[in-house]
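Pasted below: input-v5.txt, compact mmCIF, N, CA and C atoms.
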```
# COMPACT_ATOMS: atom_id res chain seq x y z
N MET A 20 44.19 32.24 21.23
CA MET A 20 43.87 31.75 19.92
C MET A 20 43.01 32.77 19.19
N GLU A 21 43.36 32.99 17.99
CA GLU A 21 42.56 33.90 17.18
C GLU A 21 41.77 33.08 16.18
N GLY A 22 40.61 33.54 15.85
CA GLY A 22 39.78 32.83 14.90
C GLY A 22 38.62 33.67 14.45
N ASN A 23 37.92 33.15 13.52
CA ASN A 23 36.77 33.84 12.98
C ASN A 23 35.54 33.46 13.81
N TRP A 24 34.92 34.45 14.44
CA TRP A 24 33.77 34.20 15.29
C TRP A 24 32.59 33.65 14.49
N LEU A 25 32.42 34.12 13.28
CA LEU A 25 31.30 33.67 12.47
C LEU A 25 31.43 32.17 12.16
N THR A 26 32.65 31.74 11.87
CA THR A 26 32.88 30.32 11.60
C THR A 26 32.61 29.49 12.86
N GLY A 27 33.04 29.95 13.99
CA GLY A 27 32.82 29.23 15.25
C GLY A 27 31.35 29.11 15.60
N ILE A 28 30.63 30.20 15.43
CA ILE A 28 29.19 30.17 15.73
C ILE A 28 28.47 29.25 14.75
N THR A 29 28.88 29.28 13.47
CA THR A 29 28.27 28.41 12.47
C THR A 29 28.50 26.94 12.83
N TRP A 30 29.73 26.60 13.23
CA TRP A 30 30.04 25.22 13.63
C TRP A 30 29.23 24.82 14.87
N LEU A 31 29.08 25.72 15.80
CA LEU A 31 28.34 25.43 17.02
C LEU A 31 26.86 25.17 16.71
N ILE A 32 26.27 26.01 15.87
CA ILE A 32 24.86 25.86 15.53
C ILE A 32 24.64 24.58 14.71
N SER A 33 25.52 24.34 13.73
CA SER A 33 25.35 23.12 12.91
C SER A 33 25.56 21.87 13.75
N GLY A 34 26.46 21.92 14.71
CA GLY A 34 26.65 20.77 15.60
C GLY A 34 25.44 20.52 16.47
N ALA A 35 24.82 21.60 16.97
CA ALA A 35 23.62 21.44 17.79
C ALA A 35 22.46 20.87 16.96
N ILE A 36 22.32 21.35 15.74
CA ILE A 36 21.25 20.84 14.87
C ILE A 36 21.50 19.37 14.53
N SER A 37 22.75 19.03 14.21
CA SER A 37 23.07 17.63 13.90
C SER A 37 22.82 16.73 15.10
N GLY A 38 23.22 17.17 16.27
CA GLY A 38 22.98 16.39 17.48
C GLY A 38 21.50 16.18 17.74
N ALA A 39 20.71 17.23 17.54
CA ALA A 39 19.27 17.11 17.74
C ALA A 39 18.67 16.13 16.73
N LEU A 40 19.14 16.17 15.49
CA LEU A 40 18.63 15.24 14.48
C LEU A 40 18.99 13.80 14.82
N PHE A 41 20.23 13.56 15.23
CA PHE A 41 20.63 12.20 15.60
C PHE A 41 19.83 11.70 16.80
N TYR A 42 19.61 12.56 17.77
CA TYR A 42 18.82 12.17 18.94
C TYR A 42 17.39 11.83 18.53
N THR A 43 16.81 12.65 17.65
CA THR A 43 15.44 12.43 17.20
C THR A 43 15.31 11.12 16.43
N VAL A 44 16.27 10.86 15.54
CA VAL A 44 16.24 9.61 14.78
C VAL A 44 16.36 8.42 15.73
N GLY A 45 17.21 8.54 16.75
CA GLY A 45 17.33 7.46 17.74
C GLY A 45 16.04 7.22 18.50
N GLU A 46 15.36 8.30 18.88
CA GLU A 46 14.08 8.16 19.58
C GLU A 46 13.03 7.52 18.69
N ILE A 47 12.99 7.94 17.42
CA ILE A 47 12.03 7.35 16.48
C ILE A 47 12.31 5.86 16.30
N HIS A 48 13.58 5.51 16.19
CA HIS A 48 13.97 4.10 16.05
C HIS A 48 13.53 3.29 17.26
N GLU A 49 13.70 3.83 18.43
CA GLU A 49 13.29 3.13 19.65
C GLU A 49 11.77 2.95 19.70
N ILE A 50 11.02 3.96 19.31
CA ILE A 50 9.56 3.87 19.31
C ILE A 50 9.10 2.82 18.30
N VAL A 51 9.73 2.78 17.13
CA VAL A 51 9.37 1.80 16.11
C VAL A 51 9.63 0.39 16.62
N TRP A 52 10.76 0.16 17.29
CA TRP A 52 11.05 -1.17 17.83
C TRP A 52 10.04 -1.56 18.90
N GLU A 53 9.63 -0.61 19.75
CA GLU A 53 8.63 -0.90 20.77
C GLU A 53 7.29 -1.26 20.12
N ASN A 54 6.90 -0.50 19.10
CA ASN A 54 5.65 -0.80 18.40
C ASN A 54 5.71 -2.15 17.72
N ASN A 55 6.85 -2.48 17.15
CA ASN A 55 7.02 -3.78 16.51
C ASN A 55 6.85 -4.91 17.53
N ALA A 56 7.45 -4.76 18.68
CA ALA A 56 7.34 -5.79 19.72
C ALA A 56 5.90 -5.92 20.21
N LEU A 57 5.22 -4.80 20.39
CA LEU A 57 3.83 -4.85 20.85
C LEU A 57 2.92 -5.48 19.79
N LEU A 58 3.12 -5.15 18.54
CA LEU A 58 2.30 -5.73 17.48
C LEU A 58 2.53 -7.22 17.35
N ARG A 59 3.77 -7.66 17.50
CA ARG A 59 4.04 -9.09 17.44
C ARG A 59 3.36 -9.81 18.59
N GLU A 60 3.35 -9.20 19.76
CA GLU A 60 2.68 -9.81 20.92
C GLU A 60 1.18 -9.89 20.69
N VAL A 61 0.60 -8.83 20.15
CA VAL A 61 -0.84 -8.83 19.87
C VAL A 61 -1.17 -9.89 18.83
N LEU A 62 -0.38 -9.98 17.76
CA LEU A 62 -0.63 -10.98 16.72
C LEU A 62 -0.47 -12.39 17.27
N HIS A 63 0.45 -12.57 18.20
CA HIS A 63 0.66 -13.89 18.80
C HIS A 63 -0.54 -14.31 19.64
N ARG A 64 -1.18 -13.34 20.29
CA ARG A 64 -2.31 -13.65 21.17
C ARG A 64 -3.62 -13.83 20.42
N LEU A 65 -3.73 -13.31 19.21
CA LEU A 65 -4.97 -13.43 18.45
C LEU A 65 -5.19 -14.88 18.01
N PRO A 66 -6.44 -15.33 18.05
CA PRO A 66 -6.72 -16.68 17.54
C PRO A 66 -6.62 -16.68 16.01
N GLU A 67 -6.31 -17.84 15.47
CA GLU A 67 -6.21 -17.95 14.02
C GLU A 67 -7.59 -17.86 13.39
N GLN A 68 -7.69 -17.13 12.31
CA GLN A 68 -8.93 -17.01 11.56
C GLN A 68 -8.96 -18.09 10.49
N PRO A 69 -10.16 -18.54 10.10
CA PRO A 69 -10.22 -19.60 9.07
C PRO A 69 -9.60 -19.17 7.75
N GLY A 70 -9.67 -17.91 7.41
CA GLY A 70 -9.12 -17.44 6.14
C GLY A 70 -7.64 -17.17 6.18
N ASP A 71 -7.00 -17.32 7.33
CA ASP A 71 -5.56 -17.04 7.44
C ASP A 71 -4.72 -18.07 6.72
N LYS A 72 -5.17 -19.32 6.69
CA LYS A 72 -4.39 -20.36 6.06
C LYS A 72 -4.72 -20.41 4.57
N LYS A 73 -3.71 -20.42 3.77
CA LYS A 73 -3.90 -20.51 2.33
C LYS A 73 -4.01 -21.97 1.93
N PRO A 74 -4.83 -22.26 0.94
CA PRO A 74 -4.95 -23.67 0.51
C PRO A 74 -3.64 -24.12 -0.13
N PRO A 75 -3.33 -25.39 -0.01
CA PRO A 75 -2.09 -25.89 -0.63
C PRO A 75 -2.17 -25.77 -2.15
N LEU A 76 -1.06 -25.47 -2.76
CA LEU A 76 -1.03 -25.29 -4.20
C LEU A 76 -0.97 -26.61 -4.95
N GLY A 77 -0.55 -27.64 -4.31
CA GLY A 77 -0.42 -28.93 -4.98
C GLY A 77 0.82 -28.93 -5.86
N ASN A 78 0.68 -29.50 -7.04
CA ASN A 78 1.80 -29.55 -7.97
C ASN A 78 1.84 -28.23 -8.73
N SER A 79 2.84 -27.44 -8.50
CA SER A 79 2.91 -26.13 -9.13
C SER A 79 3.68 -26.14 -10.44
N ARG A 80 4.09 -27.31 -10.89
CA ARG A 80 4.80 -27.40 -12.17
C ARG A 80 3.82 -27.20 -13.32
N ALA A 81 4.26 -26.48 -14.32
CA ALA A 81 3.41 -26.25 -15.48
C ALA A 81 3.40 -27.50 -16.36
N ASN A 82 2.25 -27.80 -16.89
CA ASN A 82 2.10 -28.93 -17.80
C ASN A 82 2.36 -28.43 -19.22
N LEU A 83 3.48 -28.80 -19.79
CA LEU A 83 3.88 -28.31 -21.10
C LEU A 83 3.61 -29.32 -22.21
N SER A 84 2.88 -30.37 -21.91
CA SER A 84 2.65 -31.38 -22.93
C SER A 84 1.81 -30.84 -24.09
N ALA A 85 0.96 -29.84 -23.84
CA ALA A 85 0.15 -29.26 -24.91
C ALA A 85 1.01 -28.48 -25.91
N LEU A 86 2.19 -28.09 -25.55
CA LEU A 86 3.07 -27.31 -26.42
C LEU A 86 4.11 -28.18 -27.12
N LYS A 87 3.94 -29.48 -27.07
CA LYS A 87 4.97 -30.39 -27.55
C LYS A 87 5.33 -30.15 -29.02
N ASN A 88 4.38 -30.04 -29.91
CA ASN A 88 4.66 -29.89 -31.34
C ASN A 88 4.31 -28.50 -31.85
N TYR A 89 4.35 -27.51 -30.98
CA TYR A 89 3.98 -26.15 -31.38
C TYR A 89 5.08 -25.53 -32.24
N LYS A 90 4.67 -24.90 -33.34
CA LYS A 90 5.59 -24.19 -34.22
C LYS A 90 5.18 -22.73 -34.22
N MET A 91 6.15 -21.85 -34.06
CA MET A 91 5.88 -20.42 -34.02
C MET A 91 5.83 -19.87 -35.44
N ASN A 92 4.76 -19.16 -35.76
CA ASN A 92 4.60 -18.55 -37.07
C ASN A 92 5.07 -17.10 -37.02
N ALA A 93 5.24 -16.50 -38.18
CA ALA A 93 5.67 -15.10 -38.25
C ALA A 93 4.65 -14.17 -37.61
N LYS A 94 3.36 -14.50 -37.70
CA LYS A 94 2.33 -13.64 -37.10
C LYS A 94 2.32 -13.74 -35.58
N ASP A 95 2.95 -14.77 -35.00
CA ASP A 95 3.01 -14.94 -33.57
C ASP A 95 4.06 -14.04 -32.90
N GLU A 96 4.99 -13.53 -33.70
CA GLU A 96 6.07 -12.72 -33.14
C GLU A 96 5.52 -11.39 -32.65
N GLN A 97 6.09 -10.91 -31.58
CA GLN A 97 5.69 -9.59 -31.07
C GLN A 97 6.54 -8.53 -31.74
N ARG A 98 5.98 -7.38 -31.92
CA ARG A 98 6.72 -6.29 -32.55
C ARG A 98 7.42 -5.46 -31.54
```
Structure encoded using structure tokens:
Amino acid sequence: MEGNWLTGITWLISGAISGALFYTVGEIHEIVWENNALLREVLHRLPEQPGDKKPPLGNSRANLSALKNYKMNAKDEQR
């Protein structure tokens, strides 16, 4: 087989670099998953703090009765 050596070497080097990048991304992904699992375990073991719970909001509906007879004037318009 005849071929261009420069093209072959370029393909070989680019393939090695791509393989190294994919391997590195895989290792980083695995480390992130391990850290995620460890952090979840630590958070699960911690006791609840008094400030962790948010107070109930109650009725979150807006009371629009004050706007019942409101009329918009020309000066109220935004430019």
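The two atoms in question, atom N of Gln68 (chain A) and CA of Ala56 (chain A), are spaced 20.2 Å apart.
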Check the DSSP output for the backbone and give back, as a PyMOL selection string, the residues of chain A in helix (DSSP H, G or I).
-> chain A and resi 24-64+69-71+84-86+93-95
So how far away is CA of Asn55 (chain A) from CA of Gly38 (chain A), in Å?
->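 Separation between CA of Gly38 (chain A) and CA of Asn55 (chain A): 25.7 Å.
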Between atom N of Leu62 (chain A) and CA of Glu49 (chain A), measure the distance and give it in Å to one decimal.
->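 Distance reported for this atom pair: 19.0 Å.
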Could you add all heavy atoms to region 49-60 of chain A and give me the result as a short mmCIF file (atom, residue, chain, number, x, y, z; two decimals), in the frame of the given file?
```
data_model
loop_
_atom_site.label_atom_id
_atom_site.label_comp_id
_atom_site.auth_asym_id
_atom_site.auth_seq_id
_atom_site.Cartn_x
_atom_site.Cartn_y
_atom_site.Cartn_z
N GLU A 49 13.70 3.83 18.43
CA GLU A 49 13.29 3.13 19.65
C GLU A 49 11.77 2.95 19.70
O GLU A 49 11.27 1.87 20.06
CB GLU A 49 13.76 3.91 20.88
CG GLU A 49 13.52 3.20 22.18
CD GLU A 49 14.11 3.94 23.36
OE1 GLU A 49 15.10 4.67 23.18
OE2 GLU A 49 13.55 3.80 24.45
N ILE A 50 11.02 3.96 19.31
CA ILE A 50 9.56 3.87 19.31
C ILE A 50 9.10 2.82 18.30
O ILE A 50 8.18 2.03 18.56
CB ILE A 50 8.94 5.25 19.01
CG1 ILE A 50 9.16 6.17 20.20
CG2 ILE A 50 7.45 5.13 18.71
CD1 ILE A 50 8.81 7.62 19.93
N VAL A 51 9.73 2.78 17.13
CA VAL A 51 9.37 1.80 16.11
C VAL A 51 9.63 0.39 16.62
O VAL A 51 8.81 -0.52 16.42
CB VAL A 51 10.12 2.08 14.79
CG1 VAL A 51 10.00 0.92 13.82
CG2 VAL A 51 9.59 3.36 14.15
N TRP A 52 10.76 0.16 17.29
CA TRP A 52 11.05 -1.17 17.83
C TRP A 52 10.04 -1.56 18.90
O TRP A 52 9.61 -2.72 18.98
CB TRP A 52 12.46 -1.21 18.41
CG TRP A 52 13.48 -1.54 17.37
CD1 TRP A 52 14.33 -0.68 16.77
CD2 TRP A 52 13.73 -2.82 16.80
NE1 TRP A 52 15.10 -1.35 15.85
CE2 TRP A 52 14.76 -2.67 15.84
CE3 TRP A 52 13.19 -4.09 16.99
CZ2 TRP A 52 15.25 -3.73 15.09
CZ3 TRP A 52 13.68 -5.14 16.24
CH2 TRP A 52 14.69 -4.95 15.31
N GLU A 53 9.63 -0.61 19.75
CA GLU A 53 8.63 -0.90 20.77
C GLU A 53 7.29 -1.26 20.12
O GLU A 53 6.63 -2.21 20.54
CB GLU A 53 8.46 0.29 21.71
CG GLU A 53 9.62 0.49 22.65
CD GLU A 53 9.47 1.76 23.48
OE1 GLU A 53 8.42 2.43 23.38
OE2 GLU A 53 10.40 2.08 24.22
N ASN A 54 6.90 -0.50 19.10
CA ASN A 54 5.65 -0.80 18.40
C ASN A 54 5.71 -2.15 17.72
O ASN A 54 4.73 -2.90 17.72
CB ASN A 54 5.34 0.28 17.36
CG ASN A 54 4.82 1.55 17.99
OD1 ASN A 54 4.37 1.55 19.14
ND2 ASN A 54 4.89 2.64 17.25
N ASN A 55 6.85 -2.48 17.15
CA ASN A 55 7.02 -3.78 16.51
C ASN A 55 6.85 -4.91 17.53
O ASN A 55 6.16 -5.90 17.26
CB ASN A 55 8.40 -3.85 15.85
CG ASN A 55 8.60 -5.11 15.06
OD1 ASN A 55 7.66 -5.81 14.73
ND2 ASN A 55 9.85 -5.41 14.73
N ALA A 56 7.45 -4.76 18.68
CA ALA A 56 7.34 -5.79 19.72
C ALA A 56 5.90 -5.92 20.21
O ALA A 56 5.39 -7.04 20.39
CB ALA A 56 8.27 -5.47 20.89
N LEU A 57 5.22 -4.80 20.39
CA LEU A 57 3.83 -4.85 20.85
C LEU A 57 2.92 -5.48 19.79
O LEU A 57 2.04 -6.28 20.12
CB LEU A 57 3.34 -3.44 21.20
CG LEU A 57 3.93 -2.83 22.46
CD1 LEU A 57 3.52 -1.37 22.58
CD2 LEU A 57 3.51 -3.61 23.69
N LEU A 58 3.12 -5.15 18.54
CA LEU A 58 2.30 -5.73 17.48
C LEU A 58 2.53 -7.22 17.35
O LEU A 58 1.59 -7.99 17.13
CB LEU A 58 2.58 -5.03 16.15
CG LEU A 58 1.96 -3.65 16.00
CD1 LEU A 58 2.44 -3.00 14.71
CD2 LEU A 58 0.46 -3.72 16.01
N ARG A 59 3.77 -7.66 17.50
CA ARG A 59 4.04 -9.09 17.44
C ARG A 59 3.36 -9.81 18.59
O ARG A 59 2.84 -10.91 18.42
CB ARG A 59 5.54 -9.35 17.46
CG ARG A 59 6.21 -9.02 16.15
CD ARG A 59 7.68 -9.39 16.19
NE ARG A 59 8.36 -8.95 15.00
CZ ARG A 59 8.43 -9.65 13.87
NH1 ARG A 59 7.87 -10.83 13.79
NH2 ARG A 59 9.07 -9.16 12.83
N GLU A 60 3.35 -9.20 19.76
CA GLU A 60 2.68 -9.81 20.92
C GLU A 60 1.18 -9.89 20.69
O GLU A 60 0.55 -10.91 20.98
CB GLU A 60 2.98 -8.99 22.18
CG GLU A 60 2.35 -9.53 23.44
CD GLU A 60 2.91 -10.88 23.85
OE1 GLU A 60 4.08 -11.17 23.52
OE2 GLU A 60 2.16 -11.64 24.50
#
```
